file query-v5.cif (mmCIF, C-alpha atoms)
data_run
#
loop_
_atom_site.label_atom_id
_atom_site.label_comp_id
_atom_site.auth_asym_id
_atom_site.auth_seq_id
_atom_site.Cartn_x
_atom_site.Cartn_y
_atom_site.Cartn_z
CA MET A 1 -33.30 -43.26 52.75
CA ARG A 2 -33.01 -39.50 52.37
CA ASN A 3 -29.40 -39.56 53.55
CA THR A 4 -28.62 -42.31 51.11
CA LEU A 5 -29.94 -40.34 48.19
CA LEU A 6 -28.05 -37.26 49.34
CA LEU A 7 -24.83 -39.22 49.55
CA ILE A 8 -25.30 -40.63 46.09
CA VAL A 9 -25.85 -37.18 44.66
CA VAL A 10 -22.79 -35.79 46.46
CA VAL A 11 -20.60 -38.64 45.28
CA PHE A 12 -21.84 -38.21 41.73
CA LEU A 13 -21.15 -34.47 41.75
CA MET A 14 -17.73 -34.94 43.31
CA SER A 15 -16.77 -37.50 40.77
CA ALA A 16 -17.86 -35.26 37.93
CA ALA A 17 -16.05 -32.27 39.37
CA ALA A 18 -12.88 -34.23 39.90
CA PHE A 19 -12.61 -35.74 36.46
CA ALA A 20 -14.55 -33.54 34.05
CA GLN A 21 -11.78 -30.97 33.65
CA THR A 22 -11.14 -31.68 30.01
CA SER A 23 -11.68 -28.27 28.49
CA GLY A 24 -10.96 -24.61 29.03
CA ASN A 25 -11.21 -21.22 27.43
CA ILE A 26 -8.73 -18.56 26.40
CA THR A 27 -10.13 -15.06 25.96
CA VAL A 28 -8.17 -12.79 23.66
CA THR A 29 -8.74 -9.05 23.81
CA GLY A 30 -7.36 -6.00 22.05
CA THR A 31 -8.07 -2.56 20.70
CA THR A 32 -7.37 -1.15 17.26
CA PRO A 33 -7.42 2.55 18.12
CA GLU A 34 -8.12 5.62 16.05
CA ALA A 35 -4.89 6.38 14.23
CA PHE A 36 -3.59 9.19 12.04
CA SER A 37 -0.19 9.87 10.60
CA ILE A 38 1.58 12.38 8.45
CA THR A 39 4.98 11.42 7.11
CA ASP A 40 7.40 12.33 4.38
CA THR A 41 7.63 10.23 1.25
CA ALA A 42 10.04 7.88 2.98
CA ASP A 43 7.51 7.34 5.78
CA GLY A 44 9.68 9.30 8.18
CA THR A 45 9.10 12.45 10.15
CA VAL A 46 8.15 15.41 7.99
CA THR A 47 11.01 17.85 7.95
CA SER A 48 10.75 18.92 4.33
CA SER A 49 11.95 22.24 3.02
CA ILE A 50 10.31 24.32 0.34
CA VAL A 51 13.23 26.21 -1.12
CA LEU A 52 12.39 29.39 -3.01
CA GLY A 53 16.03 30.27 -3.54
CA THR A 54 17.49 33.69 -4.21
CA LEU A 55 14.67 35.98 -5.22
CA THR A 56 16.35 38.39 -7.59
CA PRO A 57 13.83 40.76 -9.23
CA SER A 58 13.50 40.52 -12.98
CA ASN A 59 11.34 41.89 -15.71
CA ASN A 60 9.12 38.89 -16.07
CA GLY A 61 6.22 37.52 -14.10
CA THR A 62 7.75 34.21 -13.22
CA LEU A 63 6.97 33.03 -9.74
CA ALA A 64 9.57 31.38 -7.55
CA GLN A 65 7.84 28.27 -6.41
CA ASN A 66 8.44 24.89 -4.93
CA THR A 67 6.60 22.01 -3.31
CA ALA A 68 6.78 19.47 -0.52
CA GLN A 69 5.01 16.14 -0.42
CA VAL A 70 3.57 14.32 2.55
CA ARG A 71 1.79 11.03 3.05
CA LEU A 72 -1.39 10.91 5.09
CA ARG A 73 -2.84 7.79 6.68
CA SER A 74 -5.88 7.33 8.88
CA ASN A 75 -8.46 4.75 9.83
CA LYS A 76 -11.27 7.26 10.15
CA ALA A 77 -12.30 10.63 8.76
CA TYR A 78 -9.50 13.16 9.07
CA LYS A 79 -8.56 16.81 8.74
CA VAL A 80 -5.25 18.56 8.22
CA THR A 81 -4.43 21.95 9.67
CA ALA A 82 -1.51 24.16 8.72
CA GLN A 83 0.13 26.86 10.78
CA ALA A 84 2.93 29.18 9.66
CA SER A 85 5.32 30.88 12.02
CA ALA A 86 6.45 34.47 11.58
CA LEU A 87 9.10 35.13 8.93
CA ASN A 88 12.66 35.13 10.18
CA PHE A 89 15.17 37.22 8.25
CA THR A 90 18.89 36.84 8.23
CA ALA A 91 20.99 39.98 7.83
CA ALA A 92 18.02 42.09 6.90
CA GLY A 93 18.95 45.42 5.34
CA SER A 94 17.43 48.80 6.01
CA ALA A 95 13.88 49.21 4.75
CA ASP A 96 14.53 52.82 3.73
CA GLY A 97 10.87 53.41 3.20
CA GLY A 98 10.35 50.23 1.18
CA ALA A 99 8.63 46.93 1.85
CA ALA A 100 10.08 43.73 3.17
CA LEU A 101 8.85 40.37 2.06
CA GLY A 102 5.81 39.47 4.14
CA LEU A 103 3.71 36.38 4.73
CA THR A 104 1.09 37.95 2.47
CA ASP A 105 3.57 37.78 -0.42
CA VAL A 106 3.90 34.01 -0.28
CA GLY A 107 1.08 32.02 -1.78
CA PHE A 108 0.31 28.69 -0.16
CA GLY A 109 -1.93 25.75 -0.96
CA ILE A 110 -2.27 22.20 -2.22
CA THR A 111 -1.19 21.59 -5.77
CA SER A 112 -2.24 17.94 -6.04
CA ILE A 113 -3.67 14.96 -4.18
CA SER A 114 -3.27 11.33 -5.13
CA ALA A 115 -5.21 8.55 -3.44
CA ALA A 116 -4.75 5.77 -5.95
CA GLY A 117 -3.19 3.07 -3.78
CA ALA A 118 -4.72 -0.39 -3.67
CA ASN A 119 -5.12 -0.24 0.10
CA VAL A 120 -6.80 3.13 0.22
CA ALA A 121 -10.29 2.76 1.69
CA THR A 122 -13.02 2.14 -0.83
CA GLY A 123 -14.88 5.29 -1.78
CA HIS A 124 -12.31 7.57 -0.19
CA THR A 125 -12.70 11.30 -0.89
CA ASP A 126 -10.68 14.41 -0.02
CA THR A 127 -11.90 17.98 0.20
CA ILE A 128 -9.55 20.94 -0.01
CA THR A 129 -10.67 23.93 1.97
CA THR A 130 -11.79 26.77 -0.28
CA GLY A 131 -8.90 28.89 -1.44
CA TYR A 132 -6.19 26.28 -0.90
CA ASP A 133 -6.81 24.30 -4.09
CA LEU A 134 -3.99 25.07 -6.50
CA SER A 135 -4.72 22.28 -8.94
CA GLY A 136 -5.46 24.97 -11.51
CA GLY A 137 -2.06 26.58 -10.97
CA TRP A 138 -0.84 29.83 -9.45
CA PRO A 139 -2.33 33.17 -10.40
CA THR A 140 -0.41 35.30 -12.88
CA PRO A 141 1.37 38.38 -11.50
CA THR A 142 0.43 41.73 -12.91
CA ASN A 143 2.70 44.73 -13.12
CA GLY A 144 5.49 42.94 -11.33
CA LEU A 145 3.63 42.81 -8.03
CA THR A 146 2.47 39.99 -5.78
CA PRO A 147 -0.36 38.22 -7.61
CA ALA A 148 -3.81 37.67 -6.17
CA PHE A 149 -3.06 34.48 -4.29
CA THR A 150 -6.27 32.95 -3.02
CA LYS A 151 -4.44 32.05 0.16
CA THR A 152 -1.07 33.08 1.55
CA LEU A 153 1.01 32.11 4.54
CA ASN A 154 -0.66 34.98 6.32
CA ASP A 155 -3.90 33.03 6.24
CA ILE A 156 -2.49 30.16 8.26
CA THR A 157 -0.78 31.95 11.12
CA SER A 158 -3.30 30.60 13.60
CA GLY A 159 -3.61 26.99 12.46
CA VAL A 160 -6.22 26.60 9.78
CA GLN A 161 -7.89 23.52 8.31
CA VAL A 162 -6.74 23.15 4.73
CA LEU A 163 -7.88 19.61 3.94
CA ASN A 164 -10.25 16.95 5.16
CA GLY A 165 -11.54 13.63 3.97
CA THR A 166 -12.97 10.25 4.71
CA ARG A 167 -11.00 7.31 6.07
CA ILE A 168 -7.76 6.93 4.10
CA SER A 169 -6.23 3.55 4.86
CA ALA A 170 -8.13 0.31 4.38
CA ARG A 171 -5.46 -1.51 6.37
CA GLY A 172 -1.67 -1.84 6.51
CA ASN A 173 0.72 0.24 8.59
CA LEU A 174 3.22 3.04 8.15
CA SER A 175 5.44 0.94 5.93
CA THR A 176 2.68 0.00 3.51
CA ASN A 177 3.31 1.52 0.11
CA ASN A 178 -0.27 1.82 -1.07
CA ASN A 179 -2.51 2.85 1.84
CA PHE A 180 -1.90 6.60 1.92
CA VAL A 181 -2.90 9.86 0.33
CA LEU A 182 -0.03 11.75 -1.25
CA VAL A 183 -0.52 15.47 -0.80
CA THR A 184 1.66 18.05 -2.51
CA PHE A 185 1.83 21.43 -0.80
CA GLY A 186 3.15 24.40 -2.71
CA ALA A 187 4.45 27.86 -1.92
CA ALA A 188 5.26 30.65 -4.36
CA THR A 189 6.24 34.27 -4.44
CA LEU A 190 7.19 36.83 -7.05
CA PRO A 191 10.75 38.14 -6.74
CA GLN A 192 10.53 41.86 -6.18
CA PHE A 193 12.59 44.76 -4.85
CA PHE A 194 11.91 43.80 -1.30
CA THR A 195 14.24 44.93 1.45
CA PRO A 196 17.40 42.89 1.01
CA ASN A 197 18.37 40.01 3.23
CA THR A 198 20.61 36.98 3.03
CA GLY A 199 17.87 34.58 3.91
CA PHE A 200 14.37 34.17 5.23
CA SER A 201 12.40 31.28 6.58
CA THR A 202 9.14 30.26 8.13
CA THR A 203 8.07 26.94 9.53
CA ILE A 204 4.75 25.48 8.45
CA THR A 205 3.42 22.94 10.90
CA LEU A 206 1.01 20.37 9.47
CA THR A 207 -1.21 18.41 11.81
CA ILE A 208 -3.57 15.54 11.04
CA SER A 209 -6.37 14.60 13.39
CA GLY A 210 -9.85 13.17 13.49
CA ASN A 211 -12.60 15.11 11.78
CA MET B 1 -24.41 -45.51 59.39
CA ILE B 2 -24.29 -45.87 55.61
CA PRO B 3 -25.85 -49.02 54.31
CA LYS B 4 -23.57 -51.42 52.51
CA ARG B 5 -25.62 -51.24 49.33
CA THR B 6 -25.26 -47.46 49.25
CA LEU B 7 -21.49 -47.71 49.53
CA ILE B 8 -21.37 -50.19 46.72
CA LEU B 9 -23.49 -47.89 44.61
CA CYS B 10 -21.19 -44.96 45.32
CA MET B 11 -18.16 -47.00 44.35
CA LEU B 12 -19.89 -48.03 41.19
CA ILE B 13 -20.61 -44.41 40.34
CA LEU B 14 -16.98 -43.49 40.88
CA GLY B 15 -15.91 -46.51 38.98
CA VAL B 16 -18.11 -45.65 36.07
CA THR B 17 -17.29 -41.97 35.94
CA ARG B 18 -13.53 -42.16 36.35
CA PRO B 19 -12.75 -44.00 33.14
CA CYS B 20 -14.77 -41.44 31.22
CA TRP B 21 -12.23 -38.74 31.95
CA PRO B 22 -8.75 -40.15 31.55
CA GLN B 23 -7.50 -36.73 30.45
CA VAL B 24 -7.27 -33.42 32.20
CA LEU B 25 -6.63 -29.95 30.81
CA THR B 26 -5.85 -27.16 33.27
CA ASN B 27 -4.06 -23.89 33.60
CA THR B 28 -0.50 -23.83 34.93
CA THR B 29 -1.69 -23.84 38.52
CA ASN B 30 -3.84 -26.90 37.93
CA GLY B 31 -7.04 -24.91 38.00
CA THR B 32 -9.70 -24.43 35.40
CA LEU B 33 -8.26 -22.98 32.22
CA ASN B 34 -9.98 -19.63 31.83
CA SER B 35 -7.17 -17.25 30.91
CA VAL B 36 -7.27 -13.79 29.38
CA VAL B 37 -4.67 -12.79 26.82
CA ALA B 38 -4.62 -9.03 26.27
CA PHE B 39 -2.99 -7.46 23.22
CA GLY B 40 -3.74 -4.01 24.56
CA THR B 41 -3.87 -1.03 22.25
CA LEU B 42 -2.55 -1.90 18.81
CA THR B 43 -1.50 1.45 17.41
CA PRO B 44 -0.14 1.03 13.89
CA GLY B 45 3.57 1.63 13.45
CA SER B 46 6.10 0.93 10.74
CA SER B 47 7.25 -2.46 11.98
CA ASN B 48 6.64 -5.61 10.02
CA THR B 49 6.92 -7.70 13.16
CA PRO B 50 3.59 -8.74 14.66
CA SER B 51 2.67 -8.06 18.26
CA THR B 52 2.48 -11.30 20.21
CA GLN B 53 0.97 -12.75 23.33
CA GLN B 54 1.20 -16.27 24.66
CA PHE B 55 -0.57 -18.59 27.03
CA GLN B 56 0.15 -21.96 28.56
CA PHE B 57 -1.84 -24.90 29.76
CA ARG B 58 -1.18 -28.34 31.18
CA ILE B 59 -2.49 -31.61 29.87
CA ARG B 60 -2.60 -34.97 31.58
CA CYS B 61 -3.55 -38.28 30.09
CA LYS B 62 -3.38 -41.85 31.31
CA SER B 63 -5.31 -43.40 28.45
CA ASN B 64 -3.45 -46.07 26.54
CA THR B 65 -4.92 -44.65 23.35
CA GLY B 66 -3.29 -41.30 23.98
CA TYR B 67 -4.88 -37.91 23.58
CA HIS B 68 -5.68 -35.18 21.16
CA ILE B 69 -6.46 -31.52 21.73
CA THR B 70 -8.99 -29.69 19.67
CA ALA B 71 -9.40 -25.95 19.43
CA THR B 72 -12.53 -24.06 18.51
CA LEU B 73 -13.05 -20.36 18.06
CA LEU B 74 -16.16 -19.92 20.15
CA GLY B 75 -16.56 -16.30 19.20
CA PHE B 76 -14.86 -13.29 17.66
CA ASN B 77 -16.69 -10.18 18.71
CA VAL B 78 -15.75 -6.76 17.37
CA VAL B 79 -17.19 -3.56 18.80
CA PRO B 80 -16.47 -0.73 16.34
CA ILE B 81 -15.68 2.71 17.68
CA ASP B 82 -16.12 4.32 14.27
CA PRO B 83 -17.69 3.15 11.00
CA ALA B 84 -15.54 1.11 8.62
CA GLN B 85 -15.83 3.68 5.81
CA GLY B 86 -14.56 1.35 3.14
CA GLY B 87 -11.73 -0.02 5.22
CA VAL B 88 -10.94 -3.31 6.87
CA THR B 89 -11.94 -4.32 10.39
CA VAL B 90 -9.80 -6.76 12.33
CA SER B 91 -11.01 -10.33 11.95
CA SER B 92 -10.16 -13.80 13.14
CA SER B 93 -8.03 -14.44 10.06
CA ASP B 94 -5.71 -11.59 11.08
CA VAL B 95 -4.68 -13.31 14.32
CA GLY B 96 -2.05 -15.99 13.93
CA ILE B 97 -1.90 -18.88 16.38
CA GLY B 98 0.70 -21.57 16.82
CA ILE B 99 2.18 -23.97 19.33
CA THR B 100 5.66 -22.81 20.16
CA PHE B 101 6.68 -25.29 22.82
CA VAL B 102 5.59 -28.66 24.20
CA ASP B 103 7.36 -29.25 27.47
CA THR B 104 7.53 -32.95 28.30
CA SER B 105 10.23 -32.66 30.91
CA ALA B 106 8.18 -33.55 33.99
CA SER B 107 9.69 -36.65 35.55
CA SER B 108 6.59 -38.82 35.45
CA VAL B 109 5.94 -38.23 31.80
CA ILE B 110 6.36 -41.44 29.84
CA THR B 111 9.28 -41.45 27.48
CA PRO B 112 10.28 -41.91 24.76
CA ARG B 113 7.31 -40.15 23.29
CA LEU B 114 6.21 -38.28 20.23
CA ASP B 115 3.71 -35.49 20.58
CA SER B 116 2.68 -34.19 17.18
CA ILE B 117 1.67 -30.64 16.47
CA ALA B 118 -0.87 -30.49 13.66
CA GLY B 119 0.13 -29.01 10.35
CA GLY B 120 -0.26 -25.27 10.30
CA PHE B 121 0.13 -24.92 14.05
CA ASN B 122 3.78 -25.80 14.30
CA TYR B 123 5.08 -22.27 13.96
CA ASP B 124 5.80 -19.14 15.97
CA PRO B 125 3.46 -16.30 14.93
CA GLY B 126 5.99 -13.84 16.29
CA SER B 127 8.66 -14.94 13.86
CA VAL B 128 6.58 -14.32 10.76
CA THR B 129 7.64 -11.12 9.04
CA ALA B 130 4.97 -9.11 7.29
CA VAL B 131 5.45 -7.77 3.80
CA ASN B 132 4.42 -4.21 3.00
CA GLY B 133 2.87 -3.74 6.43
CA LEU B 134 0.01 -6.13 5.78
CA GLY B 135 -1.19 -9.04 7.91
CA PRO B 136 1.25 -11.89 7.29
CA TYR B 137 -0.64 -15.06 8.23
CA LYS B 138 -1.61 -17.29 5.33
CA GLY B 139 -3.79 -19.79 7.12
CA MET B 140 -3.45 -23.35 8.33
CA ALA B 141 -3.21 -24.89 4.88
CA LEU B 142 -0.12 -22.82 4.19
CA GLY B 143 1.53 -23.48 7.52
CA GLN B 144 0.41 -20.36 9.39
CA ALA B 145 -2.84 -21.02 11.21
CA THR B 146 -5.11 -18.23 12.33
CA LEU B 147 -8.05 -18.08 14.69
CA ALA B 148 -10.28 -18.58 11.65
CA ASP B 149 -8.88 -22.11 11.36
CA LEU B 150 -10.14 -23.12 14.80
CA THR B 151 -13.27 -25.06 13.97
CA GLY B 152 -12.96 -28.03 16.28
CA THR B 153 -9.53 -28.48 14.83
CA SER B 154 -7.10 -31.02 16.22
CA ILE B 155 -3.94 -29.12 17.08
CA LEU B 156 -1.90 -31.58 19.13
CA THR B 157 -1.87 -35.34 19.57
CA GLY B 158 0.24 -37.73 21.51
CA PRO B 159 0.50 -41.02 23.40
CA ARG B 160 -0.30 -41.63 27.04
CA ILE B 161 1.37 -39.00 29.16
CA ALA B 162 1.67 -40.58 32.59
CA ALA B 163 0.39 -43.40 34.74
CA ASN B 164 -2.23 -41.15 36.27
CA GLU B 165 -4.04 -37.99 35.35
CA THR B 166 -4.39 -36.54 38.84
CA ALA B 167 -4.83 -32.81 38.37
CA SER B 168 -2.80 -31.99 41.45
CA GLY B 169 0.16 -34.04 40.31
CA THR B 170 3.39 -32.13 40.01
CA MET B 171 5.21 -34.37 37.53
CA ASN B 172 2.54 -36.00 35.40
CA PHE B 173 1.77 -33.34 32.83
CA ILE B 174 2.88 -31.75 29.63
CA THR B 175 2.91 -27.96 29.41
CA VAL B 176 1.85 -26.53 26.08
CA THR B 177 2.79 -23.00 25.09
CA MET B 178 0.77 -21.30 22.40
CA LYS B 179 1.44 -17.92 20.87
CA LEU B 180 -0.85 -15.44 19.18
CA GLY B 181 0.30 -12.79 16.72
CA LEU B 182 -1.32 -9.73 15.21
CA LEU B 183 0.26 -7.02 13.07
CA ARG B 184 -0.63 -3.47 14.02
CA GLU B 185 -2.50 -2.01 11.09
CA TYR B 186 -4.92 0.77 10.25
CA PHE B 187 -7.91 -1.41 11.05
CA THR B 188 -11.24 0.19 11.78
CA PRO B 189 -11.14 1.69 15.28
CA ALA B 190 -12.63 -1.01 17.47
CA SER B 191 -12.16 -3.31 20.39
CA PHE B 192 -12.31 -7.05 19.92
CA THR B 193 -12.72 -10.15 21.99
CA ALA B 194 -12.05 -13.70 20.86
CA VAL B 195 -12.77 -16.82 22.86
CA ILE B 196 -10.83 -19.98 22.10
CA GLY B 197 -12.12 -23.24 23.46
CA LEU B 198 -9.61 -26.05 24.07
CA THR B 199 -10.62 -29.65 24.72
CA ILE B 200 -8.62 -32.76 25.41
CA SER B 201 -10.03 -36.12 24.38
CA ASN B 202 -9.15 -39.76 24.00
CA GLY B 203 -7.15 -41.10 21.18
CA PRO B 204 -5.09 -39.71 18.36
#

call {"tool": "encode", "arguments": {"input": "query-v5.cif", "output": "structure tokens"}}
result
Amino acid sequence: MRNTLLLIVVVFLMSAAAFAQTSGNITVTGTTPEAFSITDTADGTVTSSIVLGTLTPSNNGTLAQNTAQVRLRSNKAYKVTAQASALNFTAAGSADGGAALGLTDVGFGITSISAAGANVATGHTDTITTGYDLSGGWPTPTNGLTPAFTKTLNDITSGVQVLNGTRISARGNLSTNNNFVLVTFGAATLPQFFTPNTGFSTTITLTISGN
Amino acid sequence: MIPKRTLILCMLILGVTRPCWPQVLTNTTNGTLNSVVAFGTLTPGSSNTPSTQQFQFRIRCKSNTGYHITATLLGFNVVPIDPAQGGVTVSSSDVGIGITFVDTSASSVITPRLDSIAGGFNYDPGSVTAVNGLGPYKGMALGQATLADLTGTSILTGPRIAANETASGTMNFITVTMKLGLLREYFTPASFTAVIGLTISNGP
């Protein structure tokens, strides 16, 4: 009797196992990682130039200035650091007891920030590090000398945080035209009787990362 | 020695249970369908082409009334790495799903035949181009189904497939290929897991 019952149970289980295969599962996995980007206004690699031109001294206090714009995107809180390399001079003349243009003579900062896109994260905010906010304009030179810039290129020789903020992009990718913060960086200097040269340059490296 | 009555009872059990399961749904090695489809790390780029993954399964059916396959999203679990902070977190409606191929070429498959992919699932999620870097799938009603549309939804129907539904048969099945698509976006940092349940049943 016991064997009979056992056989019935086995047969029942076998029959169920053999013919009950009518469903299955697919498990889908993925990761949406932390992501940050800094691009030019065409969403390409930032290789912008801030051209100050030929700095011929004059009798006014007009600064030579220019700007470069970048787009920032992130899916979490971010910070931007800036680092300037040493000045390179081309065909530098003799100093003859005078001064050459230095990093301290070039003001640097952020002239504007726009985060108005429809796919910018709700409640997004940006904070410019003290001294780098140029939304009020450049200082006015006095007596034909370098004005009292709140920050100059000399302040960012070691890689300094100049900006931070909350998550920028609600969604979208690097081609989305409304999920970024547009930041305008500016540089300015007063043309003076610096040691002559036929050109000078410095490279400012901007880096975005998690904050 | 097994009594005659016991044997008869066993045959009856088999006889009763067999007709209940005239369809079989397996993986491509005729085992239980329990596959994992991994998108990996979806770092946002500038492409408007979604990332895709696909999976396949086999169906067998000897029922004269044919078969239908239903799909259900059994779960969509997101584990955030960071807070959303006013942004969007990936969801089931961001993942497109479609049937890209129904292979009826096995020699024992009854022909001519017409297997019908349900509206909204007859598309390739990998061929949908995003606009402005935003998730491109519009949902089943607009011809581009997503995981959010899987609510016991019939996705494929057809007539009897073969004379038998033996799971070990090598020529008595149809192979269905399904594709998933997801555009890489600045979603909230997270990992996600979705489980799709597929069931084959009698009738259209």

call {"tool": "closest_residue", "arguments": {"input": "query-v5.cif", "among": "A:Phe194, A:Tyr132, A:Trp138, A:Phe180", "to": "chain B", "atoms": "all atoms listed in the file"}}
result
A:Phe180

call {"tool": "residues_around", "arguments": {"input": "query-v5.cif", "residues": "range 47-50 of chain B", "least_positions_apart": "3", "cutoff": "10 Å", "atoms": "all atoms listed in the file", "output": "PDB file with C-alpha atoms, in the frame of the given file"}}
result
ATOM      1  CA  GLY A 172      -1.670  -1.840   6.510  1.00  0.00           C
ATOM      2  CA  ASN A 173       0.720   0.240   8.590  1.00  0.00           C
ATOM      3  CA  LEU A 174       3.220   3.040   8.150  1.00  0.00           C
ATOM      4  CA  SER A 175       5.440   0.940   5.930  1.00  0.00           C
ATOM      5  CA  THR A 176       2.680   0.000   3.510  1.00  0.00           C
TER       6      THR A 176
ATOM      7  CA  PRO B  44      -0.140   1.030  13.890  1.00  0.00           C
ATOM      8  CA  GLN B  53       0.970 -12.750  23.330  1.00  0.00           C
ATOM      9  CA  VAL B  95      -4.680 -13.310  14.320  1.00  0.00           C
ATOM     10  CA  GLY B  96      -2.050 -15.990  13.930  1.00  0.00           C
ATOM     11  CA  PRO B 125       3.460 -16.300  14.930  1.00  0.00           C
ATOM     12  CA  GLY B 126       5.990 -13.840  16.290  1.00  0.00           C
ATOM     13  CA  SER B 127       8.660 -14.940  13.860  1.00  0.00           C
ATOM     14  CA  VAL B 128       6.580 -14.320  10.760  1.00  0.00           C
ATOM     15  CA  THR B 129       7.640 -11.120   9.040  1.00  0.00           C
ATOM     16  CA  ALA B 130       4.970  -9.110   7.290  1.00  0.00           C
ATOM     17  CA  VAL B 131       5.450  -7.770   3.800  1.00  0.00           C
ATOM     18  CA  ASN B 132       4.420  -4.210   3.000  1.00  0.00           C
ATOM     19  CA  GLY B 133       2.870  -3.740   6.430  1.00  0.00           C
ATOM     20  CA  LEU B 134       0.010  -6.130   5.780  1.00  0.00           C
ATOM     21  CA  GLY B 135      -1.190  -9.040   7.910  1.00  0.00           C
ATOM     22  CA  PRO B 136       1.250 -11.890   7.290  1.00  0.00           C
ATOM     23  CA  TYR B 137      -0.640 -15.060   8.230  1.00  0.00           C
ATOM     24  CA  LEU B 180      -0.850 -15.440  19.180  1.00  0.00           C
ATOM     25  CA  GLY B 181       0.300 -12.790  16.720  1.00  0.00           C
ATOM     26  CA  LEU B 182      -1.320  -9.730  15.210  1.00  0.00           C
ATOM     27  CA  LEU B 183       0.260  -7.020  13.070  1.00  0.00           C
ATOM     28  CA  ARG B 184      -0.630  -3.470  14.020  1.00  0.00           C
ATOM     29  CA  GLU B 185      -2.500  -2.010  11.090  1.00  0.00           C
TER      30      GLU B 185
END

call {"tool": "closest_residue", "arguments": {"input": "query-v5.cif", "among": "A:Asn119, A:Ser94, A:Thr140, A:Thr203", "to": "chain B", "atoms": "all atoms listed in the file"}}
result
A:Asn119

call {"tool": "atom_distance", "arguments": {"input": "query-v5.cif", "atom1": "CA of Gly143 in chain B", "atom2": "CA of Arg113 in chain B"}}
result
23.7 Å

call {"tool": "closest_residue", "arguments": {"input": "query-v5.cif", "among": "B:Thr188, B:Asn164, B:Gln23, B:Asn122", "to": "Leu42 in chain B", "atoms": "all atoms listed in the file"}}
result
B:Thr188

call {"tool": "resolve_selection", "arguments": {"input": "query-v5.cif", "expression": "the PyMOL selection byres ((chain A and resi 137) around 12)", "output": "list in words"}}
result
Leu63, Gln65, Gly107, Phe108, Gly109, Ile110, Thr111, Ser112, Gly131, Tyr132, Asp133, Leu134, Ser135, Gly136, Trp138, Pro139, Thr140, Phe149, Thr150, Gly186, Ala187 and Ala188 of chain A

call {"tool": "atom_distance", "arguments": {"input": "query-v5.cif", "atom1": "CA of Asn197 in chain A", "atom2": "CA of Leu101 in chain A"}}
result
9.6 Å

call {"tool": "closest_residue", "arguments": {"input": "query-v5.cif", "among": "A:Ala68, A:Ala170, A:Leu55, A:Ala86", "to": "Gly117 in chain A", "atoms": "all atoms listed in the file"}}
result
A:Ala170

call {"tool": "resolve_selection", "arguments": {"input": "query-v5.cif", "expression": "the PyMOL selection byres ((chain A and resi 164) around 12)", "output": "PyMOL selection string"}}
result
chain A and resi 72-74+76-82+113+124-130+132+160-163+165-168+181+183+207-211

call {"tool": "write_last_selection", "arguments": {"input": "query-v5.cif", "atoms": "C-alpha atoms", "output": "mmCIF file, in the frame of the given file"}}
result
data_model
loop_
_atom_site.group_PDB
_atom_site.id
_atom_site.type_symbol
_atom_site.label_atom_id
_atom_site.label_comp_id
_atom_site.auth_asym_id
_atom_site.auth_seq_id
_atom_site.Cartn_x
_atom_site.Cartn_y
_atom_site.Cartn_z
ATOM 1 C CA LEU A 72 -1.390 10.910 5.090
ATOM 2 C CA ARG A 73 -2.840 7.790 6.680
ATOM 3 C CA SER A 74 -5.880 7.330 8.880
ATOM 4 C CA LYS A 76 -11.270 7.260 10.150
ATOM 5 C CA ALA A 77 -12.300 10.630 8.760
ATOM 6 C CA TYR A 78 -9.500 13.160 9.070
ATOM 7 C CA LYS A 79 -8.560 16.810 8.740
ATOM 8 C CA VAL A 80 -5.250 18.560 8.220
ATOM 9 C CA THR A 81 -4.430 21.950 9.670
ATOM 10 C CA ALA A 82 -1.510 24.160 8.720
ATOM 11 C CA ILE A 113 -3.670 14.960 -4.180
ATOM 12 C CA HIS A 124 -12.310 7.570 -0.190
ATOM 13 C CA THR A 125 -12.700 11.300 -0.890
ATOM 14 C CA ASP A 126 -10.680 14.410 -0.020
ATOM 15 C CA THR A 127 -11.900 17.980 0.200
ATOM 16 C CA ILE A 128 -9.550 20.940 -0.010
ATOM 17 C CA THR A 129 -10.670 23.930 1.970
ATOM 18 C CA THR A 130 -11.790 26.770 -0.280
ATOM 19 C CA TYR A 132 -6.190 26.280 -0.900
ATOM 20 C CA VAL A 160 -6.220 26.600 9.780
ATOM 21 C CA GLN A 161 -7.890 23.520 8.310
ATOM 22 C CA VAL A 162 -6.740 23.150 4.730
ATOM 23 C CA LEU A 163 -7.880 19.610 3.940
ATOM 24 C CA GLY A 165 -11.540 13.630 3.970
ATOM 25 C CA THR A 166 -12.970 10.250 4.710
ATOM 26 C CA ARG A 167 -11.000 7.310 6.070
ATOM 27 C CA ILE A 168 -7.760 6.930 4.100
ATOM 28 C CA VAL A 181 -2.900 9.860 0.330
ATOM 29 C CA VAL A 183 -0.520 15.470 -0.800
ATOM 30 C CA THR A 207 -1.210 18.410 11.810
ATOM 31 C CA ILE A 208 -3.570 15.540 11.040
ATOM 32 C CA SER A 209 -6.370 14.600 13.390
ATOM 33 C CA GLY A 210 -9.850 13.170 13.490
ATOM 34 C CA ASN A 211 -12.600 15.110 11.780
#

call {"tool": "atom_distance", "arguments": {"input": "query-v5.cif", "atom1": "CA of Gly66 in chain B", "atom2": "CA of Gly203 in chain B"}}
result
4.8 Å

call {"tool": "resolve_selection", "arguments": {"input": "query-v5.cif", "expression": "the PyMOL selection byres ((chain B and resi 61) around 6)", "output": "PDB file with C-alpha atoms, in the coordinates of the input"}}
result
ATOM      1  CA  PRO B  22      -8.750 -40.150  31.550  1.00  0.00           C
ATOM      2  CA  GLN B  23      -7.500 -36.730  30.450  1.00  0.00           C
ATOM      3  CA  ARG B  60      -2.600 -34.970  31.580  1.00  0.00           C
ATOM      4  CA  LYS B  62      -3.380 -41.850  31.310  1.00  0.00           C
ATOM      5  CA  SER B  63      -5.310 -43.400  28.450  1.00  0.00           C
ATOM      6  CA  ARG B 160      -0.300 -41.630  27.040  1.00  0.00           C
ATOM      7  CA  ILE B 161       1.370 -39.000  29.160  1.00  0.00           C
ATOM      8  CA  GLU B 165      -4.040 -37.990  35.350  1.00  0.00           C
TER       9      GLU B 165
END
